[in-house]
Amino acid sequence: MILAFIEHVAGAPTMLSLEVLTMAGRLAGEMATPLEAVAIGPKGAPAAGILSSYGVSTLHVADEPRLAEYAPAAWARAIADLAGRVNPQIVIGTASDRGGEVMAHLATRMTLPMAANCTEIVPGDPFTVTRQRWGGSLLEEAHLKGTIKLLTLAPHALTAEASPSRTEVATGAFSPALDDRDFRVRLVPQVEADTGKISLAQARVVVGGGRGVGSAEGFAALEELATLLGGAVGCSRAVTSLGWRPHSDQVGQTGTRIAPDLYIACGISGAIQHMVGCRAAKHILAINTDPAAPIVAQADYAVIGDVQKVLSTVNAEIKRVKAGEPSRSPA
Ligand SMILES: Cc1cc2nc3c(=O)[nH]c(=O)nc-3n(C[C@H](O)[C@H](O)[C@H](O)COP(=O)(O)OP(=O)(O)OC[C@H]3O[C@@H](n4cnc5c(N)ncnc54)[C@H](O)[C@@H]3O)c2cc1C
């Protein structure tokens with residue numbers, strides 16, 4: 001049996017968890033074994049409907065109110081407790097901040113090796129994985145040992161794909177044995193403003209800004225473009241280091257990994273640590289004054305020019321078209 005560790009927000013599995021279910025479903029098919037899932041906090045288990053379209057036969061939900069808030073060691077202990085009962089061949093989670101942390105705790109608790117950031121998994125003996133190293137700039141092929149194979153799936157290693165067929169999902173609650181010491185590190189209640197904005201990780205269009213945007217105020221043009229296109233604003237680490245945008249907007253190795261249909265990179269040089277975060281974008285459009293900037297070579301389209309001037313023209317043109325006025329662009 002394969003056990004997929006699902007992260008969810010109020011019952012909706014995250015995009016990365018759907019990718020994990022897709023990979024876990026493929027492995028279950030190859031290994032002719034059932035796919036089961038485990039969900040831990042926050043309130044509300046993922047709806048059986050969505051899990052059934054990913055081939056899950058059983059959903060295990062931890063019945064322990066203290067697990068509603070994030071507590072990595074406690075979450076890992078709950079999964080270890082479940083693994084002891086159901087004896088999976090593989091436990092697979094996301095390589096998100098939380099997924100990676102919980103799976104690392106799980107590996108320590110079970111004294112098993114874990115392969116992080118896998119992009120390909122070939123079950124068998126040897127059990128072979130390809131995984132991202134050095135922020136994705138290197139791919140490593142490795143053999144994973146251990147009685148239970150513990151893995152995290154690199155973000156956007158594949159596209160989440162629901163199956164047209166449905167499975168019957170049985171839901172079972174389990175009560176893990178926990179100790180107060182498991183909660184030494186935990187998330188205390190947080191207040192989140194409902195900004196109504198599209199999240200960076202889920203956005204189909206991302207407008208990213210780098211040092212070339214010039215100032216925090218310079219992001220107004222990027223905000224406007226993102227609003228016009230129904231997208232989200234991201235940024236480089238140079239920008240967060242300068243205090244122009246919060247870290248939650250950062251794209252890259254130490255920020256969010258995005259997978260939009262279109263990434264518009266404005267005044268961003270294209271350092272490897274940034275590109276790791278946007279390599280899953282279907283198309284990249286770079287706006288940069290420097291035709292030799294590394295991002296220009298990696299982009300599908302590039303506009304060489306000052307970002308504020310380019311965006312002012314582009315935004316005005318989109319507004320004109322949206323208002324039904326004739327376009328001023330050359331026919
Ligand atoms: C361990 C580690 C982790 C890191 N993690 C991340 C990460 O997660 N994300 C990340 O982004 N970086 C990360 N970095 C930093 C990364 O190496 C780069 O320093 C950073 O991405 C550079 O940001 P930038 O492109 O905005 O700035 P710069 O490299 O300074 O580039 C600015 C660009 O703007 C262009 N420009 C200037 N003026 C204009 C203008 N008026 N109009 C248009 N273009 C203009 C320039 O030609 C240049 O290409 C990390 C570094 C390390 C060591």
# chains A, B, ... in the order shown; residues from 1 in each chain; ligands from 1
>>> select_by_dssp(residues="stretch 136-269 of chain A", states="strand (DSSP E)", output="ChimeraX atom specification")
/A:138-144,149-153,170-174,205-209,232-235,262-266
>>> write_last_selection(atoms="N, CA and C atoms", output="compact mmCIF listing (two decimals), in the first residue's frame")
# COMPACT_ATOMS: atom_id res chain seq x y z
N LEU A 138 21.02 20.56 -10.27
CA LEU A 138 21.63 19.25 -10.50
C LEU A 138 20.58 18.18 -10.23
N LEU A 139 20.54 17.17 -11.11
CA LEU A 139 19.65 16.03 -10.87
C LEU A 139 20.49 14.83 -10.46
N GLU A 140 20.10 14.19 -9.39
CA GLU A 140 20.86 13.05 -8.87
C GLU A 140 20.02 11.78 -9.01
N GLU A 141 20.63 10.71 -9.49
CA GLU A 141 19.93 9.42 -9.48
C GLU A 141 20.44 8.66 -8.25
N ALA A 142 19.52 8.16 -7.46
CA ALA A 142 19.92 7.51 -6.21
C ALA A 142 19.10 6.25 -5.98
N HIS A 143 19.67 5.33 -5.21
CA HIS A 143 18.93 4.14 -4.81
C HIS A 143 18.49 4.34 -3.36
N LEU A 144 17.20 4.17 -3.13
CA LEU A 144 16.67 4.40 -1.79
C LEU A 144 16.49 3.06 -1.09
N LYS A 149 9.72 3.11 2.06
CA LYS A 149 10.38 4.16 1.29
C LYS A 149 9.72 5.50 1.62
N LEU A 150 10.51 6.44 2.12
CA LEU A 150 9.99 7.76 2.46
C LEU A 150 10.46 8.76 1.41
N LEU A 151 9.52 9.52 0.85
CA LEU A 151 9.85 10.40 -0.28
C LEU A 151 9.11 11.71 -0.18
N THR A 152 9.72 12.77 -0.72
CA THR A 152 8.92 13.97 -1.02
C THR A 152 9.06 14.22 -2.52
N LEU A 153 7.98 14.74 -3.10
CA LEU A 153 7.94 14.99 -4.54
C LEU A 153 8.26 16.46 -4.79
N ALA A 170 -13.11 5.13 1.67
CA ALA A 170 -13.50 4.86 3.06
C ALA A 170 -12.73 5.84 3.94
N THR A 171 -13.40 6.44 4.91
CA THR A 171 -12.69 7.36 5.80
C THR A 171 -12.59 6.73 7.18
N GLY A 172 -11.38 6.74 7.73
CA GLY A 172 -11.19 6.15 9.05
C GLY A 172 -10.43 7.10 9.95
N ALA A 173 -10.95 7.30 11.17
CA ALA A 173 -10.23 8.16 12.13
C ALA A 173 -9.29 7.29 12.94
N PHE A 174 -8.12 7.84 13.26
CA PHE A 174 -7.21 7.11 14.15
C PHE A 174 -6.73 8.04 15.24
N VAL A 205 -1.17 33.66 -13.90
CA VAL A 205 -0.26 34.70 -14.39
C VAL A 205 0.46 35.29 -13.18
N VAL A 206 1.77 35.38 -13.25
CA VAL A 206 2.53 36.04 -12.17
C VAL A 206 3.36 37.16 -12.79
N VAL A 207 3.26 38.34 -12.17
CA VAL A 207 4.07 39.47 -12.59
C VAL A 207 5.14 39.64 -11.51
N GLY A 208 6.38 39.30 -11.84
CA GLY A 208 7.46 39.34 -10.85
C GLY A 208 8.31 40.59 -11.04
N GLY A 209 8.73 41.16 -9.93
CA GLY A 209 9.58 42.35 -10.01
C GLY A 209 10.90 42.14 -9.31
N ALA A 232 -1.08 37.39 -9.92
CA ALA A 232 -0.49 37.75 -8.63
C ALA A 232 0.89 38.39 -8.85
N VAL A 233 1.34 39.15 -7.86
CA VAL A 233 2.66 39.79 -7.95
C VAL A 233 3.67 38.98 -7.15
N GLY A 234 4.83 38.75 -7.75
CA GLY A 234 5.93 38.08 -7.05
C GLY A 234 7.15 38.98 -7.11
N CYS A 235 8.25 38.52 -6.55
CA CYS A 235 9.46 39.35 -6.59
C CYS A 235 10.71 38.49 -6.39
N LEU A 262 1.89 32.03 -17.52
CA LEU A 262 2.77 33.12 -17.98
C LEU A 262 3.44 33.79 -16.79
N TYR A 263 4.76 33.89 -16.84
CA TYR A 263 5.52 34.63 -15.82
C TYR A 263 6.14 35.85 -16.50
N ILE A 264 5.75 37.02 -16.03
CA ILE A 264 6.30 38.26 -16.59
C ILE A 264 7.35 38.76 -15.60
N ALA A 265 8.61 38.61 -15.96
CA ALA A 265 9.72 38.93 -15.04
C ALA A 265 10.24 40.33 -15.38
N CYS A 266 10.00 41.27 -14.48
CA CYS A 266 10.31 42.68 -14.74
C CYS A 266 11.54 43.11 -13.94
>>> residues_near_ligand(ligand="ligand 1", cutoff="8 Å", atoms="only C-alpha atoms and all ligand atoms", output="ChimeraX atom specification")
/A:209-214,235-239,250-256,266-277,287-291,293-295,304-308
>>> select_by_dssp(residues="stretch 105-244 of chain A", states="helix (DSSP H, G or I)", output="PyMOL selection string")
chain A and resi 105-110+134-136+180-183+211-213+217-229+237-241
>>> residues_around(residues="A:Ser175", least_positions_apart="3", cutoff="10 Å", atoms="only C-alpha atoms", output="list of chain:residue names")
A:Val61, A:Ala62, A:Asp63, A:Glu64, A:Ala78, A:Asp81, A:Leu82, A:Leu178
>>> write_last_selection(atoms="all heavy atoms", output="CSV table (one decimal), in the first residue's frame")
chain,number,residue,atom,x,y,z
A,61,VAL,N,-7.7,10.0,9.0
A,61,VAL,CA,-7.8,11.3,9.6
A,61,VAL,C,-7.4,11.2,11.0
A,61,VAL,O,-8.0,10.4,11.8
A,61,VAL,CB,-9.2,12.0,9.4
A,61,VAL,CG1,-9.2,13.4,10.0
A,61,VAL,CG2,-9.6,12.0,7.9
A,62,ALA,N,-6.4,12.0,11.5
A,62,ALA,CA,-6.0,11.9,12.9
A,62,ALA,C,-7.1,12.5,13.8
A,62,ALA,O,-7.5,13.7,13.5
A,62,ALA,CB,-4.7,12.6,13.1
A,63,ASP,N,-7.5,11.8,14.7
A,63,ASP,CA,-8.6,12.3,15.6
A,63,ASP,C,-7.9,12.8,16.9
A,63,ASP,O,-7.8,12.1,17.9
A,63,ASP,CB,-9.5,11.1,15.9
A,63,ASP,CG,-10.7,11.5,16.8
A,63,ASP,OD1,-11.0,12.7,16.9
A,63,ASP,OD2,-11.3,10.6,17.4
A,64,GLU,N,-7.4,14.0,16.8
A,64,GLU,CA,-6.7,14.6,18.0
A,64,GLU,C,-6.7,16.1,17.8
A,64,GLU,O,-6.1,16.7,16.9
A,64,GLU,CB,-5.3,14.0,18.0
A,64,GLU,CG,-4.3,14.8,18.8
A,64,GLU,CD,-4.6,15.0,20.3
A,64,GLU,OE1,-4.3,14.0,21.0
A,64,GLU,OE2,-5.1,16.0,20.6
A,78,ALA,N,2.2,11.2,14.5
A,78,ALA,CA,0.9,10.7,14.1
A,78,ALA,C,1.1,9.8,12.8
A,78,ALA,O,0.5,8.7,12.8
A,78,ALA,CB,-0.1,11.8,13.8
A,81,ASP,N,2.8,6.6,13.7
A,81,ASP,CA,1.8,5.8,14.4
A,81,ASP,C,0.9,5.0,13.4
A,81,ASP,O,0.8,3.8,13.5
A,81,ASP,CB,1.0,6.7,15.4
A,81,ASP,CG,0.1,5.9,16.3
A,81,ASP,OD1,-0.6,5.0,15.8
A,81,ASP,OD2,0.1,6.2,17.5
A,82,LEU,N,0.4,5.8,12.4
A,82,LEU,CA,-0.4,5.2,11.4
A,82,LEU,C,0.3,4.2,10.6
A,82,LEU,O,-0.1,3.1,10.3
A,82,LEU,CB,-1.0,6.3,10.5
A,82,LEU,CG,-1.8,5.8,9.3
A,82,LEU,CD1,-3.1,5.2,9.8
A,82,LEU,CD2,-2.2,7.0,8.4
A,178,LEU,N,0.3,10.5,21.5
A,178,LEU,CA,1.2,11.7,21.5
A,178,LEU,C,1.6,12.1,22.9
A,178,LEU,O,0.9,11.8,23.8
A,178,LEU,CB,0.4,12.9,20.8
A,178,LEU,CG,0.1,12.6,19.3
A,178,LEU,CD1,-0.9,13.7,18.8
A,178,LEU,CD2,1.3,12.6,18.4
>>> closest_residue(among="A:Val169, A:Met1, A:Ala74, A:Gly100", to="A:Ala47", atoms="only C-alpha atoms")
A:Val169
>>> residues_around(residues="A:Ala259", least_positions_apart="3", cutoff="10 Å", atoms="only C-alpha atoms", output="list in words")
Pro155, His156, Thr159, Leu200, Ala201, Gln202, Ala203, Arg204, Val205, Val206, Thr256, Leu262, Tyr263, Gly277, Cys278, Arg279, Ala280, Ala281, Lys282 and His283 of chain A
